[in-house]
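Structure data follow from coords.pdb (PDB, C-alpha atoms, pLDDT in the B column):
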ATOM      1  CA  MET A 267      -0.271 -18.768  12.276  1.00 43.00           C
ATOM      2  CA  ALA A 268       0.258 -16.329   9.395  1.00 49.00           C
ATOM      3  CA  ASN A 269       0.631 -12.673  10.240  1.00 55.00           C
ATOM      4  CA  GLN A 270      -2.363 -10.661   9.142  1.00 65.00           C
ATOM      5  CA  LEU A 271      -2.384  -6.892   8.986  1.00 68.00           C
ATOM      6  CA  ALA A 272      -5.020  -4.523  10.261  1.00 73.00           C
ATOM      7  CA  LEU A 273      -5.287  -0.765  10.046  1.00 77.00           C
ATOM      8  CA  VAL A 274      -5.920   0.744  13.449  1.00 78.00           C
ATOM      9  CA  PRO A 275      -5.974   4.254  14.890  1.00 81.00           C
ATOM     10  CA  LYS A 276      -2.725   5.689  16.241  1.00 82.00           C
ATOM     11  CA  GLU A 277      -4.357   6.333  19.597  1.00 84.00           C
ATOM     12  CA  PRO A 278      -6.644   3.876  21.392  1.00 80.00           C
ATOM     13  CA  THR A 279     -10.294   4.698  21.949  1.00 81.00           C
ATOM     14  CA  ALA A 280     -12.202   4.004  25.161  1.00 82.00           C
ATOM     15  CA  GLU A 281     -13.787   0.976  23.438  1.00 84.00           C
ATOM     16  CA  ILE A 282     -10.373  -0.390  22.473  1.00 81.00           C
ATOM     17  CA  LEU A 283      -9.014  -0.008  26.018  1.00 78.00           C
ATOM     18  CA  ALA A 284     -12.126  -1.583  27.527  1.00 82.00           C
ATOM     19  CA  ALA A 285     -11.778  -4.584  25.208  1.00 82.00           C
ATOM     20  CA  ALA A 286      -8.101  -4.900  26.152  1.00 80.00           C
ATOM     21  CA  ALA A 287      -8.837  -4.744  29.865  1.00 77.00           C
ATOM     22  CA  ALA A 288     -11.561  -7.374  29.578  1.00 79.00           C
ATOM     23  CA  ALA A 289      -9.317  -9.678  27.538  1.00 76.00           C
ATOM     24  CA  ALA A 290      -6.302  -9.293  29.841  1.00 70.00           C
ATOM     25  CA  TRP A 291      -8.229  -9.903  33.043  1.00 69.00           C
ATOM     26  CA  PRO A 292      -8.419 -13.712  32.861  1.00 62.00           C
ATOM     27  CA  ALA A 293      -5.362 -15.961  32.875  1.00 67.00           C
ATOM     28  CA  ALA A 294      -3.364 -16.107  29.649  1.00 77.00           C
ATOM     29  CA  SER A 295      -3.403 -19.221  27.464  1.00 82.00           C
ATOM     30  CA  LYS A 296      -0.429 -21.607  27.234  1.00 87.00           C
ATOM     31  CA  GLU A 297       0.375 -20.200  23.797  1.00 88.00           C
ATOM     32  CA  ASP A 298       0.351 -16.642  25.135  1.00 85.00           C
ATOM     33  CA  ILE A 299       2.591 -17.654  28.059  1.00 85.00           C
ATOM     34  CA  ALA A 300       5.093 -19.200  25.619  1.00 88.00           C
ATOM     35  CA  LEU A 301       4.944 -16.060  23.478  1.00 88.00           C
ATOM     36  CA  ALA A 302       5.467 -13.937  26.606  1.00 86.00           C
ATOM     37  CA  ALA A 303       8.530 -16.003  27.575  1.00 87.00           C
ATOM     38  CA  ARG A 304      10.091 -15.266  24.183  1.00 87.00           C
ATOM     39  CA  ALA A 305       9.238 -11.566  24.592  1.00 86.00           C
ATOM     40  CA  ALA A 306      10.765 -11.573  28.092  1.00 84.00           C
ATOM     41  CA  MET A 307      14.011 -13.006  26.685  1.00 83.00           C
ATOM     42  CA  ILE A 308      14.110 -10.203  24.148  1.00 83.00           C
ATOM     43  CA  MET A 309      13.491  -7.655  26.896  1.00 79.00           C
ATOM     44  CA  LEU A 310      16.237  -9.071  29.107  1.00 77.00           C
ATOM     45  CA  HIS A 311      18.754  -9.038  26.260  1.00 77.00           C
ATOM     46  CA  THR A 312      17.899  -5.693  24.689  1.00 76.00           C
ATOM     47  CA  SER A 313      16.829  -3.518  27.619  1.00 65.00           C
ATOM     48  CA  MET A 314      19.092  -0.478  28.038  1.00 56.00           C
ATOM     49  CA  GLU A 315      18.745  -0.637  31.785  1.00 63.00           C
ATOM     50  CA  PRO A 316      18.323  -3.969  33.517  1.00 58.00           C
ATOM     51  CA  ILE A 317      15.044  -4.320  35.334  1.00 67.00           C
ATOM     52  CA  PRO A 318      16.120  -4.566  38.980  1.00 73.00           C
ATOM     53  CA  GLY A 319      15.542  -8.046  40.373  1.00 75.00           C
ATOM     54  CA  ALA A 320      13.336  -9.148  37.489  1.00 76.00           C
ATOM     55  CA  THR A 321      13.555 -12.783  36.519  1.00 79.00           C
ATOM     56  CA  LEU A 322      12.591 -14.273  33.181  1.00 80.00           C
ATOM     57  CA  GLN A 323       9.525 -15.889  34.743  1.00 82.00           C
ATOM     58  CA  GLU A 324       8.380 -12.621  36.345  1.00 80.00           C
ATOM     59  CA  LEU A 325       8.752 -10.724  33.102  1.00 78.00           C
ATOM     60  CA  ALA A 326       6.905 -13.438  31.183  1.00 80.00           C
ATOM     61  CA  ALA A 327       4.067 -13.362  33.735  1.00 79.00           C
ATOM     62  CA  ALA A 328       3.808  -9.584  33.414  1.00 77.00           C
ATOM     63  CA  ILE A 329       3.802  -9.782  29.605  1.00 79.00           C
ATOM     64  CA  ALA A 330       1.510 -12.818  29.230  1.00 80.00           C
ATOM     65  CA  THR A 331      -1.776 -10.880  29.356  1.00 79.00           C
ATOM     66  CA  MET A 332      -0.557  -8.403  26.750  1.00 82.00           C
ATOM     67  CA  ALA A 333      -1.165 -10.814  23.838  1.00 80.00           C
ATOM     68  CA  PRO A 334      -4.908 -11.282  24.502  1.00 81.00           C
ATOM     69  CA  ALA A 335      -5.185  -7.565  25.263  1.00 82.00           C
ATOM     70  CA  TYR A 336      -3.507  -6.731  21.948  1.00 83.00           C
ATOM     71  CA  ARG A 337      -5.834  -9.059  20.022  1.00 83.00           C
ATOM     72  CA  ALA A 338      -8.859  -7.547  21.749  1.00 83.00           C
ATOM     73  CA  MET A 339      -7.665  -4.030  20.976  1.00 82.00           C
ATOM     74  CA  ILE A 340      -7.257  -4.874  17.289  1.00 82.00           C
ATOM     75  CA  ALA A 341     -10.687  -6.531  17.205  1.00 82.00           C
ATOM     76  CA  ALA A 342     -12.321  -3.496  18.857  1.00 82.00           C
ATOM     77  CA  ALA A 343     -10.636  -0.956  16.565  1.00 81.00           C
ATOM     78  CA  PRO A 344     -12.702   0.697  13.848  1.00 78.00           C
ATOM     79  CA  LYS A 345     -12.484  -1.325  10.655  1.00 78.00           C
ATOM     80  CA  ALA A 346     -10.897  -0.002   7.483  1.00 75.00           C
ATOM     81  CA  ASP A 347     -12.179  -1.192   4.137  1.00 79.00           C
ATOM     82  CA  LEU A 348      -8.973  -2.887   2.972  1.00 80.00           C
ATOM     83  CA  ASP A 349     -10.581  -4.070  -0.268  1.00 84.00           C
ATOM     84  CA  ALA A 350     -11.454  -0.481  -1.205  1.00 87.00           C
ATOM     85  CA  LEU A 351      -7.931   0.662  -0.330  1.00 87.00           C
ATOM     86  CA  MET A 352      -6.417  -2.092  -2.474  1.00 90.00           C
ATOM     87  CA  LEU A 353      -8.708  -1.175  -5.367  1.00 93.00           C
ATOM     88  CA  ASP A 354      -7.651   2.476  -5.066  1.00 94.00           C
ATOM     89  CA  ALA A 355      -4.010   1.381  -5.131  1.00 94.00           C
ATOM     90  CA  GLU A 356      -4.735  -0.659  -8.274  1.00 95.00           C
ATOM     91  CA  ARG A 357      -6.328   2.402  -9.892  1.00 96.00           C
ATOM     92  CA  LEU A 358      -3.332   4.620  -9.075  1.00 96.00           C
ATOM     93  CA  ASP A 359      -0.888   1.971 -10.278  1.00 96.00           C
ATOM     94  CA  TRP A 360      -2.836   1.716 -13.537  1.00 95.00           C
ATOM     95  CA  LEU A 361      -2.797   5.521 -14.045  1.00 95.00           C
ATOM     96  CA  GLU A 362       0.948   5.544 -13.459  1.00 94.00           C
ATOM     97  CA  SER A 363       1.701   2.570 -15.697  1.00 94.00           C
ATOM     98  CA  GLU A 364      -0.362   4.032 -18.556  1.00 92.00           C
ATOM     99  CA  ALA A 365       1.021   7.567 -17.985  1.00 91.00           C
ATOM    100  CA  ASN A 366      -2.543   8.867 -18.155  1.00 94.00           C
ATOM    101  CA  THR A 367      -3.882  12.098 -16.707  1.00 94.00           C
ATOM    102  CA  LEU A 368      -6.917  12.407 -14.447  1.00 96.00           C
ATOM    103  CA  ARG A 369      -8.501  15.815 -14.725  1.00 96.00           C
ATOM    104  CA  CYS A 370     -11.536  17.573 -13.322  1.00 96.00           C
ATOM    105  CA  MET A 371     -13.887  19.151 -15.854  1.00 96.00           C
ATOM    106  CA  GLU A 372     -16.940  21.395 -15.680  1.00 94.00           C
ATOM    107  CA  ASP A 373     -19.930  21.374 -17.991  1.00 89.00           C
ATOM    108  CA  SER A 374     -22.505  24.103 -17.195  1.00 87.00           C
ATOM    109  CA  SER A 375     -23.170  23.328 -13.518  1.00 86.00           C
ATOM    110  CA  ASP A 376     -21.891  19.741 -13.449  1.00 93.00           C
ATOM    111  CA  ILE A 377     -18.415  18.636 -12.453  1.00 96.00           C
ATOM    112  CA  TYR A 378     -17.045  15.394 -13.864  1.00 96.00           C
ATOM    113  CA  PHE A 379     -13.702  13.676 -14.310  1.00 97.00           C
ATOM    114  CA  GLU A 380     -11.827  12.459 -17.370  1.00 97.00           C
ATOM    115  CA  VAL A 381      -8.925  10.092 -17.810  1.00 96.00           C
ATOM    116  CA  VAL A 382      -6.848  11.280 -20.756  1.00 96.00           C
ATOM    117  CA  SER A 383      -4.091   9.469 -22.641  1.00 93.00           C
ATOM    118  CA  HIS A 384      -1.421  11.360 -24.543  1.00 90.00           C
ATOM    119  CA  HIS A 385      -0.197  10.429 -28.023  1.00 86.00           C
ATOM    120  CA  MET A 386       2.187  11.773 -30.652  1.00 83.00           C
ATOM    121  CA  ALA A 387      -0.428  11.312 -33.416  1.00 86.00           C
ATOM    122  CA  VAL A 388      -3.524  13.469 -33.759  1.00 87.00           C
ATOM    123  CA  PRO A 389      -5.589  13.587 -31.664  1.00 84.00           C
ATOM    124  CA  SER A 390      -2.759  13.971 -29.166  1.00 88.00           C
ATOM    125  CA  GLU A 391      -5.162  13.858 -26.214  1.00 92.00           C
ATOM    126  CA  ARG A 392      -7.706  11.057 -26.109  1.00 93.00           C
ATOM    127  CA  VAL A 393     -10.379  10.725 -23.439  1.00 94.00           C
ATOM    128  CA  GLU A 394     -10.253   7.130 -22.215  1.00 95.00           C
ATOM    129  CA  GLY A 395     -12.868   7.306 -19.459  1.00 96.00           C
ATOM    130  CA  ILE A 396     -15.411   9.700 -17.946  1.00 96.00           C
ATOM    131  CA  GLY A 397     -17.132   9.563 -14.558  1.00 96.00           C
ATOM    132  CA  LYS A 398     -18.840  11.619 -11.882  1.00 96.00           C
ATOM    133  CA  THR A 399     -15.995  10.724  -9.508  1.00 96.00           C
ATOM    134  CA  PRO A 400     -12.294  10.112 -10.078  1.00 97.00           C
ATOM    135  CA  ARG A 401     -12.834   6.430  -9.276  1.00 96.00           C
ATOM    136  CA  GLN A 402     -15.643   6.111 -11.851  1.00 97.00           C
ATOM    137  CA  ALA A 403     -13.519   7.788 -14.537  1.00 97.00           C
ATOM    138  CA  ILE A 404     -10.521   5.548 -13.858  1.00 96.00           C
ATOM    139  CA  ASP A 405     -12.706   2.430 -13.770  1.00 96.00           C
ATOM    140  CA  ALA A 406     -14.265   3.422 -17.124  1.00 96.00           C
ATOM    141  CA  ALA A 407     -10.823   3.963 -18.662  1.00 96.00           C
ATOM    142  CA  MET A 408      -9.550   0.655 -17.301  1.00 95.00           C
ATOM    143  CA  ALA A 409     -12.618  -1.145 -18.703  1.00 95.00           C
ATOM    144  CA  ALA A 410     -12.159   0.546 -22.087  1.00 92.00           C
ATOM    145  CA  GLY A 411      -8.538  -0.571 -22.107  1.00 89.00           C
ATOM    146  CA  ARG A 412      -9.718  -4.166 -21.602  1.00 89.00           C
ATOM    147  CA  GLY A 413     -12.159  -3.742 -24.505  1.00 87.00           C
ATOM    148  CA  GLU A 414     -15.241  -3.688 -22.306  1.00 86.00           C
ATOM    149  CA  VAL A 415     -18.044  -1.449 -23.516  1.00 72.00           C
ATOM    150  CA  GLY A 416     -19.949   0.263 -20.720  1.00 60.00           C
TER     151      GLY A 416
END
Translate the structure of the given file into C-alpha cells.
Amino acid sequence: MANQLALVPKEPTAEILAAAAAAAWPAASKEDIALAARAAMIMLHTSMEPIPGATLQELAAAIATMAPAYRAMIAAAPKADLDALMLDAERLDWLESEANTLRCMEDSSDIYFEVVSHHMAVPSERVEGIGKTPRQAIDAAMAAGRGEVG
C-alpha cells in the first residue's frame, strides 16, 4: 500500500477521538497485528527504559488497535483542500521563476491586484495580469504567458 498524506489538526477534536475509540474497540485485523508486531520490535529495541516484564506479544497486542484508531482519526479529521494548496504552490513557484511582482492597487474605491514583470527596455514595468484577488491576478498573468487571451 502506498503512503498517502493527509493534513490534520495538531490536536485531536472530540469527533476524531470518538472515531478512534470506535475503530479501536473491535479486534484488530491480521494485517494490523502484523504491523503491531513490527512496531513492538522497534519499541523493544529503541526504548530508553525497558518496559518491565513486557513481552513482544504483549506489546504487539497493546499496539494492534492503534492502527485502526489512527486510520479512523485521519478519516474523521477536517479535510484540507489539497488541490487548492497545490495550485497555490504552483502560483508561487511561477511568480518566483518569472521574478514577477504581485502588488495591491487602488482605483477610487476598488482594490485590485497586478502581476508586474520587470525589464531593462522601456516600459521597464509591464502589467502581466490583473485580478480582484491575488490568485486571479496570478492566474491571468500565467494565462497571458501561455498566450491565452482572457
What would the selection look like, as a tab-separated table (two decimals) with C-alpha atoms, in the coordinates of the input, if the PyMOL selection byres ((chain A and resi 287-290) around 9) were run on the coordinates I just shared?
chain	number	residue	atom	x	y	z
A	282	ILE	CA	-10.37	-0.39	22.47
A	283	LEU	CA	-9.01	-0.01	26.02
A	284	ALA	CA	-12.13	-1.58	27.53
A	285	ALA	CA	-11.78	-4.58	25.21
A	286	ALA	CA	-8.10	-4.90	26.15
A	291	TRP	CA	-8.23	-9.90	33.04
A	292	PRO	CA	-8.42	-13.71	32.86
A	293	ALA	CA	-5.36	-15.96	32.88
A	294	ALA	CA	-3.36	-16.11	29.65
A	330	ALA	CA	1.51	-12.82	29.23
A	331	THR	CA	-1.78	-10.88	29.36
A	332	MET	CA	-0.56	-8.40	26.75
A	333	ALA	CA	-1.16	-10.81	23.84
A	334	PRO	CA	-4.91	-11.28	24.50
A	335	ALA	CA	-5.18	-7.56	25.26
A	336	TYR	CA	-3.51	-6.73	21.95
A	337	ARG	CA	-5.83	-9.06	20.02
A	338	ALA	CA	-8.86	-7.55	21.75
A	339	MET	CA	-7.66	-4.03	20.98
What box, with edges along x, y and z, holds each listed atom of range 375-384 of chain A when 4 Å is added on every side, and can you state its centre and edge lengths in Å to one decimal, as lines of an AutoDock Vina configuration file?
center_x = -12.3
center_y = 16.4
center_z = -18.5
size_x = 29.7
size_y = 21.9
size_z = 20.1
For this session: Quick one: apply the PyMOL selection byres ((chain A and resi 355-367) around 12) to the file and drop the selected residues here as number ranges by chain.
Result: A: 348-354, 368-370, 379-385, 391-396, 400-409, 411
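Applied to this file, the PyMOL selection byres ((chain A and resi 273-279) around 7) selects Leu271, Ala272, Ala280, Glu281, Ile282, Leu283, Ile340, Ala343, Pro344 and Ala346 of chain A.
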Exercise. Between A:Gly319, A:Ala341, A:Met386, A:Ile329, which is the closest to Asp298 in chain A once you count all atoms listed in the file?
Worked result: A:Ile329
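CA of Ala320 in chain A lies 11.5 Å from CA of Met307 in chain A.
The interatomic distance for the pair CA of Lys345 in chain A and CA of Ser295 in chain A works out to 26.2 Å.
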Saving range 279-352 of chain A with C-alpha atoms, as an mmCIF file, in the first residue's frame, what would that file be?
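Written file, part.cif:
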data_model
loop_
_atom_site.group_PDB
_atom_site.id
_atom_site.type_symbol
_atom_site.label_atom_id
_atom_site.label_comp_id
_atom_site.auth_asym_id
_atom_site.auth_seq_id
_atom_site.Cartn_x
_atom_site.Cartn_y
_atom_site.Cartn_z
ATOM 1 C CA THR A 279 -11.099 17.028 18.208
ATOM 2 C CA ALA A 280 -13.842 15.205 20.104
ATOM 3 C CA GLU A 281 -15.047 13.771 16.765
ATOM 4 C CA ILE A 282 -11.570 12.458 15.960
ATOM 5 C CA LEU A 283 -11.212 10.785 19.370
ATOM 6 C CA ALA A 284 -14.692 9.273 19.147
ATOM 7 C CA ALA A 285 -13.875 7.802 15.731
ATOM 8 C CA ALA A 286 -10.615 6.391 17.108
ATOM 9 C CA ALA A 287 -12.326 4.828 20.104
ATOM 10 C CA ALA A 288 -14.996 3.234 17.926
ATOM 11 C CA ALA A 289 -12.399 1.868 15.497
ATOM 12 C CA ALA A 290 -10.110 0.505 18.227
ATOM 13 C CA TRP A 291 -12.865 -1.238 20.153
ATOM 14 C CA PRO A 292 -13.187 -4.352 17.968
ATOM 15 C CA ALA A 293 -10.366 -6.833 17.436
ATOM 16 C CA ALA A 294 -7.574 -5.734 15.107
ATOM 17 C CA SER A 295 -7.171 -7.298 11.662
ATOM 18 C CA LYS A 296 -4.370 -9.761 10.839
ATOM 19 C CA GLU A 297 -2.591 -7.017 8.902
ATOM 20 C CA ASP A 298 -2.801 -4.647 11.868
ATOM 21 C CA ILE A 299 -1.496 -7.361 14.217
ATOM 22 C CA ALA A 300 1.497 -7.933 11.910
ATOM 23 C CA LEU A 301 2.093 -4.179 11.755
ATOM 24 C CA ALA A 302 1.849 -4.012 15.560
ATOM 25 C CA ALA A 303 4.425 -6.811 15.913
ATOM 26 C CA ARG A 304 6.886 -4.799 13.819
ATOM 27 C CA ALA A 305 6.138 -1.697 15.919
ATOM 28 C CA ALA A 306 6.652 -3.710 19.124
ATOM 29 C CA MET A 307 10.083 -4.831 17.883
ATOM 30 C CA ILE A 308 11.009 -1.215 17.276
ATOM 31 C CA MET A 309 9.793 -0.289 20.753
ATOM 32 C CA LEU A 310 11.758 -3.088 22.407
ATOM 33 C CA HIS A 311 14.953 -2.119 20.593
ATOM 34 C CA THR A 312 14.726 1.657 20.870
ATOM 35 C CA SER A 313 13.008 2.258 24.209
ATOM 36 C CA MET A 314 15.220 4.221 26.616
ATOM 37 C CA GLU A 315 13.857 2.302 29.557
ATOM 38 C CA PRO A 316 12.814 -1.308 29.156
ATOM 39 C CA ILE A 317 9.151 -1.899 29.793
ATOM 40 C CA PRO A 318 9.179 -4.104 32.899
ATOM 41 C CA GLY A 319 8.070 -7.644 32.108
ATOM 42 C CA ALA A 320 6.682 -6.753 28.690
ATOM 43 C CA THR A 321 6.976 -9.407 26.030
ATOM 44 C CA LEU A 322 6.885 -8.851 22.293
ATOM 45 C CA GLN A 323 3.433 -10.430 22.101
ATOM 46 C CA GLU A 324 2.059 -8.231 24.899
ATOM 47 C CA LEU A 325 3.395 -5.087 23.291
ATOM 48 C CA ALA A 326 2.008 -6.109 19.901
ATOM 49 C CA ALA A 327 -1.411 -6.781 21.461
ATOM 50 C CA ALA A 328 -1.384 -3.363 23.122
ATOM 51 C CA ILE A 329 -0.362 -1.652 19.870
ATOM 52 C CA ALA A 330 -2.613 -3.628 17.494
ATOM 53 C CA THR A 331 -5.708 -1.437 17.932
ATOM 54 C CA MET A 332 -3.704 1.730 17.329
ATOM 55 C CA ALA A 333 -3.614 1.227 13.535
ATOM 56 C CA PRO A 334 -7.415 1.190 13.062
ATOM 57 C CA ALA A 335 -7.703 4.027 15.581
ATOM 58 C CA TYR A 336 -5.146 6.061 13.627
ATOM 59 C CA ARG A 337 -6.973 5.460 10.334
ATOM 60 C CA ALA A 338 -10.275 6.450 11.925
ATOM 61 C CA MET A 339 -8.742 9.603 13.377
ATOM 62 C CA ILE A 340 -7.388 10.627 9.973
ATOM 63 C CA ALA A 341 -10.742 9.891 8.326
ATOM 64 C CA ALA A 342 -12.612 11.958 10.942
ATOM 65 C CA ALA A 343 -10.242 14.938 10.728
ATOM 66 C CA PRO A 344 -11.404 18.063 8.920
ATOM 67 C CA LYS A 345 -10.424 17.878 5.268
ATOM 68 C CA ALA A 346 -7.970 20.275 3.669
ATOM 69 C CA ASP A 347 -8.349 21.148 0.016
ATOM 70 C CA LEU A 348 -5.035 19.691 -1.170
ATOM 71 C CA ASP A 349 -5.756 20.579 -4.800
ATOM 72 C CA ALA A 350 -6.161 24.253 -3.875
ATOM 73 C CA LEU A 351 -2.957 24.145 -1.824
ATOM 74 C CA MET A 352 -1.055 22.583 -4.724
#
